[in-house]
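J.: Pasting in a structure now, in structure tokens, and then I'll have a few things to ask.
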Amino acid sequence: MCGRASVITPAALLEQRFNAAFAKAEQLSENVNISAGNKIPVITSARPNHIQMFTLGFTPHWAHKQTYMINARAEGSYNPNNDPNYDGPAGIFQKPMFRHAIKSQRCLVLVDAFIEGPKLEKLNKPHLVYPNKDRGPFALAGIYDVWQHPLTGEQHHTVAIVTTAANRLTQRIGHHRAPVVLTRKQEEEWLDKDLSMARLTSIMKPFDDKGFNAYPISQKIKNPEQNGLELLKPIGEKLFKDYDRSLYERLKYVEEKPFTIREERLVAGDQFVLF
């Protein structure tokens, strides 16, 4: 599964990266600890030129109450052992909860990172997974639906992140699942309503870990009320050695002037050696 997600990129840069404008009245707020019930930016197949804010936690339109399903298994009931080399059918097409949305209501879920923990310890040992090659926000494969409250009539736009078996990176964390991370080419395909079932199935595979890395962060992230950049601070070594700055360090400094500390990010006790 995908435990939590982080969105830090400002609205204008998200629009530039995904060539889409925020829909009217939509507002983006930095949130490093997005959990079920929180708003997350998406681009839907119905409105591919707009960024909208949907509730993380899928509820099908026919449900009697909100369900808050944050993940949807690509394999459905197949692949019970979560074999990363699984090459069988995508059971999500037969799941009553998801079968309508996966065929006609797909979306991009826009994030800067996601948080995952081991299968047993979960967010007691959280790790931040982020891109260390193509920096900046990226898209997870999502499905959405609009649920109307039976008493108030209020409409809720809800989304789930599609997951598949683990890749080398999430296996190193100790988790058996991973979100479907889309390449830029796949982003366009995922929003194509006419895309074949075969092609959709081929997209819903473990993502290429070569462009990503991860490091352990504080278990304070477990508390959905906790927020702020300090939650993304490393408390241990990266899973794979590289010579790039961690996501936390990139955000702590102004990108254009690498040795200038963003004043609004300073906290008591911070010390930096500039060289």
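Chain labels run A, B, ... following the order of the structure tokens; each chain numbers its residues from 1, and ligands are numbered from 1 in the order shown.
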Write out as a VMD selection string each polymer residue whose atoms come within 12 Å of Val42 of chain A, counting only C-alpha atoms; drop sequence neighbours fewer than 5 positions from it.

T.: chain A and resid 7 14 to 15 18 20 to 23 26 28 47 to 56 105 to 111 138 to 144 157 to 161 187 191

J.: Could you list, as a PyMOL selection string, every residue within 9 Å of Lys222 of chain A, counting only C-alpha atoms and ignoring same-chain residues fewer than 4 positions away?

T.: chain A and resi 4+33+123-124+126+218+226

J.: Restricted to all heavy atoms, what would the selected residues look like written as a PDB file, in the first residue's frame?

T.:
```
ATOM      1  N   ARG A   4       1.340   7.178   3.273  1.00  0.00           N
ATOM      2  CA  ARG A   4       1.108   8.612   3.311  1.00  0.00           C
ATOM      3  C   ARG A   4       1.779   9.241   2.086  1.00  0.00           C
ATOM      4  O   ARG A   4       2.622   8.616   1.438  1.00  0.00           O
ATOM      5  CB  ARG A   4       1.689   9.229   4.584  1.00  0.00           C
ATOM      6  CG  ARG A   4       1.118   8.668   5.880  1.00  0.00           C
ATOM      7  CD  ARG A   4      -0.292   9.140   6.134  1.00  0.00           C
ATOM      8  NE  ARG A   4      -0.907   8.406   7.235  1.00  0.00           N
ATOM      9  CZ  ARG A   4      -0.799   8.724   8.525  1.00  0.00           C
ATOM     10  NH1 ARG A   4      -0.052   9.755   8.874  1.00  0.00           N
ATOM     11  NH2 ARG A   4      -1.413   8.014   9.435  1.00  0.00           N
ATOM     12  N   ASN A  33       2.129  15.349   5.107  1.00  0.00           N
ATOM     13  CA  ASN A  33       1.586  14.171   5.780  1.00  0.00           C
ATOM     14  C   ASN A  33       0.132  13.952   5.358  1.00  0.00           C
ATOM     15  O   ASN A  33      -0.784  13.947   6.186  1.00  0.00           O
ATOM     16  CB  ASN A  33       1.695  14.340   7.304  1.00  0.00           C
ATOM     17  CG  ASN A  33       1.437  13.051   8.061  1.00  0.00           C
ATOM     18  OD1 ASN A  33       1.421  11.966   7.480  1.00  0.00           O
ATOM     19  ND2 ASN A  33       1.227  13.163   9.364  1.00  0.00           N
ATOM     20  N   LEU A 123       4.039   2.204   9.867  1.00  0.00           N
ATOM     21  CA  LEU A 123       4.572   3.545  10.070  1.00  0.00           C
ATOM     22  C   LEU A 123       5.280   3.719  11.410  1.00  0.00           C
ATOM     23  O   LEU A 123       5.625   4.842  11.784  1.00  0.00           O
ATOM     24  CB  LEU A 123       3.455   4.582   9.920  1.00  0.00           C
ATOM     25  CG  LEU A 123       2.893   4.722   8.500  1.00  0.00           C
ATOM     26  CD1 LEU A 123       1.823   5.804   8.456  1.00  0.00           C
ATOM     27  CD2 LEU A 123       3.997   5.029   7.479  1.00  0.00           C
ATOM     28  N   ASN A 124       5.524   2.611  12.102  1.00  0.00           N
ATOM     29  CA  ASN A 124       6.434   2.683  13.239  1.00  0.00           C
ATOM     30  C   ASN A 124       7.880   2.795  12.768  1.00  0.00           C
ATOM     31  O   ASN A 124       8.756   3.208  13.537  1.00  0.00           O
ATOM     32  CB  ASN A 124       6.281   1.446  14.135  1.00  0.00           C
ATOM     33  CG  ASN A 124       4.990   1.469  14.920  1.00  0.00           C
ATOM     34  OD1 ASN A 124       4.646   2.490  15.524  1.00  0.00           O
ATOM     35  ND2 ASN A 124       4.257   0.367  14.905  1.00  0.00           N
ATOM     36  N   PRO A 126       8.826   4.376   9.413  1.00  0.00           N
ATOM     37  CA  PRO A 126       8.503   4.965   8.103  1.00  0.00           C
ATOM     38  C   PRO A 126       9.741   5.346   7.300  1.00  0.00           C
ATOM     39  O   PRO A 126      10.787   5.684   7.858  1.00  0.00           O
ATOM     40  CB  PRO A 126       7.701   6.214   8.482  1.00  0.00           C
ATOM     41  CG  PRO A 126       8.258   6.599   9.824  1.00  0.00           C
ATOM     42  CD  PRO A 126       8.573   5.301  10.524  1.00  0.00           C
ATOM     43  N   SER A 218      11.111  10.106  11.063  1.00  0.00           N
ATOM     44  CA  SER A 218      10.530   9.939  12.391  1.00  0.00           C
ATOM     45  C   SER A 218       9.142   9.307  12.329  1.00  0.00           C
ATOM     46  O   SER A 218       8.340   9.607  11.436  1.00  0.00           O
ATOM     47  CB  SER A 218      10.434  11.299  13.096  1.00  0.00           C
ATOM     48  OG  SER A 218       9.654  11.206  14.273  1.00  0.00           O
ATOM     49  N   GLN A 226       0.128  15.663  12.773  1.00  0.00           N
ATOM     50  CA  GLN A 226       1.480  16.222  12.679  1.00  0.00           C
ATOM     51  C   GLN A 226       1.760  16.679  11.252  1.00  0.00           C
ATOM     52  O   GLN A 226       1.349  16.026  10.292  1.00  0.00           O
ATOM     53  CB  GLN A 226       2.520  15.172  13.089  1.00  0.00           C
ATOM     54  CG  GLN A 226       2.506  14.806  14.559  1.00  0.00           C
ATOM     55  CD  GLN A 226       3.137  15.878  15.424  1.00  0.00           C
ATOM     56  OE1 GLN A 226       4.107  16.527  15.024  1.00  0.00           O
ATOM     57  NE2 GLN A 226       2.588  16.073  16.610  1.00  0.00           N
TER      58      GLN A 226
END
```

J.: For segment 237-249 of chain A, find every residue with an atom within 7 Å (counting only C-alpha atoms), except residues of its own chain fewer than 2 positions away, and show them as a count of residues only.

T.: 9

J.: Could you pull out the residues in segment 21-157 of chain A that DSSP calls strand (DSSP E) from the backbone, as a PyMOL selection string?

T.: chain A and resi 21-22+31-34+39-44+50-56+71-73+106-111+113-116+127-131+138-148+155-157

J.: Which neighbours of Val129 of chain A fall inside 9 Å, counting only C-alpha atoms, when residues of the same chain fewer than 5 positions from it are skipped, and could you give them as number ranges by chain?

T.: A: 113-116, 169-170, 212-215

J.: How would the residues just picked look written out with N, CA and C atoms as a JSON list (two decimals), in the first residue's frame?

T.:
```
[["chain", "number", "residue", "atom", "x", "y", "z"],
["A", 113, "ALA", "N", 6.51, 13.02, -2.90],
["A", 113, "ALA", "CA", 7.09, 11.83, -2.25],
["A", 113, "ALA", "C", 5.95, 11.03, -1.65],
["A", 114, "PHE", "N", 6.25, 9.78, -1.32],
["A", 114, "PHE", "CA", 5.29, 9.01, -0.53],
["A", 114, "PHE", "C", 6.02, 8.31, 0.60],
["A", 115, "ILE", "N", 5.27, 7.92, 1.62],
["A", 115, "ILE", "CA", 5.86, 7.35, 2.83],
["A", 115, "ILE", "C", 5.38, 5.92, 2.98],
["A", 116, "GLU", "N", 6.33, 5.04, 3.21],
["A", 116, "GLU", "CA", 6.02, 3.62, 3.34],
["A", 116, "GLU", "C", 6.81, 3.03, 4.49],
["A", 169, "LEU", "N", 13.16, -1.29, -4.31],
["A", 169, "LEU", "CA", 13.22, -0.24, -3.30],
["A", 169, "LEU", "C", 12.26, -0.51, -2.14],
["A", 170, "THR", "N", 11.00, -0.79, -2.44],
["A", 170, "THR", "CA", 10.05, -1.05, -1.35],
["A", 170, "THR", "C", 10.31, -2.40, -0.68],
["A", 212, "PHE", "N", 14.78, 6.52, -8.04],
["A", 212, "PHE", "CA", 14.25, 6.85, -6.71],
["A", 212, "PHE", "C", 15.20, 6.39, -5.62],
["A", 213, "ASN", "N", 15.02, 6.97, -4.44],
["A", 213, "ASN", "CA", 15.73, 6.52, -3.26],
["A", 213, "ASN", "C", 14.80, 6.70, -2.06],
["A", 214, "ALA", "N", 15.25, 6.28, -0.89],
["A", 214, "ALA", "CA", 14.42, 6.39, 0.31],
["A", 214, "ALA", "C", 15.34, 6.46, 1.53],
["A", 215, "TYR", "N", 14.82, 7.03, 2.61],
["A", 215, "TYR", "CA", 15.55, 7.06, 3.87],
["A", 215, "TYR", "C", 14.54, 7.07, 5.02]]
```

J.: Quick one: of A:Thr44, A:Gln16, A:Gln155, A:Asn82, who's nearest to Trp190 of chain A, counting only C-alpha atoms?

T.: A:Thr44

J.: Name the closest residue to Asp194 of chain A among the candidates A:Ala178, A:Ala165, A:Ala12, A:Ile102; distances are taken between atoms, counting only C-alpha atoms.

T.: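 Ranked by minimum distance to Asp194 of chain A, first place goes to A:Ile102.
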
J.: I need the residue nearest Asn167 of chain A from this list: A:Asn132, A:Asn85, A:Gln186, A:Ser45. Use only C-alpha atoms for the distance.

T.: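 Nearest candidate to Asn167 of chain A out of A:Asn132, A:Asn85, A:Gln186, A:Ser45: A:Asn85.
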
J.: Between A:Pro179, A:Gly76, A:Gly88, A:Gly228, which residue has the minimum interatomic distance to Thr163 of chain A, considering only C-alpha atoms?

T.: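 When distances to Thr163 of chain A are compared using only C-alpha atoms, the smallest one comes from A:Pro179.
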
J.: Please compute the atom CA of Pro80 of chain A-atom CA of Ile203 of chain A distance, one decimal, in Å.

T.: 19.4 Å

J.: Between A:Leu128, A:Ala166, A:Met204, A:Leu229, which residue has the minimum interatomic distance to Phe93 of chain A, considering only C-alpha atoms?

T.: A:Met204

J.: Using only C-alpha atoms, which protein or nucleic acid residues come within 6 Å of segment 57-60 of chain A? Drop anything in the same chain fewer than 6 positions from it, and give the result as a ChimeraX atom specification.

T.: /A:36,66-70,145,158-160

J.: Take the residues that were just selected and, keeping N, CA, C and O atoms, output them as an mmCIF file, in the first residue's frame.

T.:
```cif
data_model
loop_
_atom_site.group_PDB
_atom_site.id
_atom_site.type_symbol
_atom_site.label_atom_id
_atom_site.label_comp_id
_atom_site.auth_asym_id
_atom_site.auth_seq_id
_atom_site.Cartn_x
_atom_site.Cartn_y
_atom_site.Cartn_z
ATOM 1 N N ALA A 36 -5.698 9.561 4.797
ATOM 2 C CA ALA A 36 -7.089 9.381 4.408
ATOM 3 C C ALA A 36 -7.939 10.533 4.932
ATOM 4 O O ALA A 36 -7.836 10.923 6.096
ATOM 5 N N GLN A 66 -19.412 6.656 3.263
ATOM 6 C CA GLN A 66 -18.037 6.842 2.814
ATOM 7 C C GLN A 66 -17.160 5.705 3.312
ATOM 8 O O GLN A 66 -17.305 5.239 4.457
ATOM 9 N N THR A 67 -16.232 5.264 2.449
ATOM 10 C CA THR A 67 -15.415 4.098 2.772
ATOM 11 C C THR A 67 -13.933 4.414 2.967
ATOM 12 O O THR A 67 -13.226 3.661 3.614
ATOM 13 N N TYR A 68 -13.412 5.496 2.384
ATOM 14 C CA TYR A 68 -12.023 5.914 2.577
ATOM 15 C C TYR A 68 -11.005 4.833 2.213
ATOM 16 O O TYR A 68 -10.057 4.574 2.946
ATOM 17 N N MET A 69 -11.200 4.178 1.081
ATOM 18 C CA MET A 69 -10.216 3.206 0.592
ATOM 19 C C MET A 69 -9.091 3.977 -0.096
ATOM 20 O O MET A 69 -9.288 4.540 -1.170
ATOM 21 N N ILE A 70 -7.901 4.009 0.525
ATOM 22 C CA ILE A 70 -6.827 4.819 -0.047
ATOM 23 C C ILE A 70 -6.078 4.094 -1.159
ATOM 24 O O ILE A 70 -5.413 4.726 -1.970
ATOM 25 N N ASP A 145 -14.017 8.661 -8.036
ATOM 26 C CA ASP A 145 -15.466 8.601 -8.194
ATOM 27 C C ASP A 145 -16.071 9.761 -7.408
ATOM 28 O O ASP A 145 -15.392 10.388 -6.583
ATOM 29 N N THR A 158 -13.664 11.648 -4.595
ATOM 30 C CA THR A 158 -12.741 10.803 -3.841
ATOM 31 C C THR A 158 -11.805 10.041 -4.770
ATOM 32 O O THR A 158 -12.124 9.775 -5.928
ATOM 33 N N VAL A 159 -10.644 9.672 -4.248
ATOM 34 C CA VAL A 159 -9.614 9.042 -5.069
ATOM 35 C C VAL A 159 -8.901 7.941 -4.292
ATOM 36 O O VAL A 159 -8.769 8.007 -3.070
ATOM 37 N N ALA A 160 -8.476 6.899 -5.025
ATOM 38 C CA ALA A 160 -7.622 5.845 -4.478
ATOM 39 C C ALA A 160 -6.377 5.727 -5.341
ATOM 40 O O ALA A 160 -6.418 5.982 -6.551
#
```
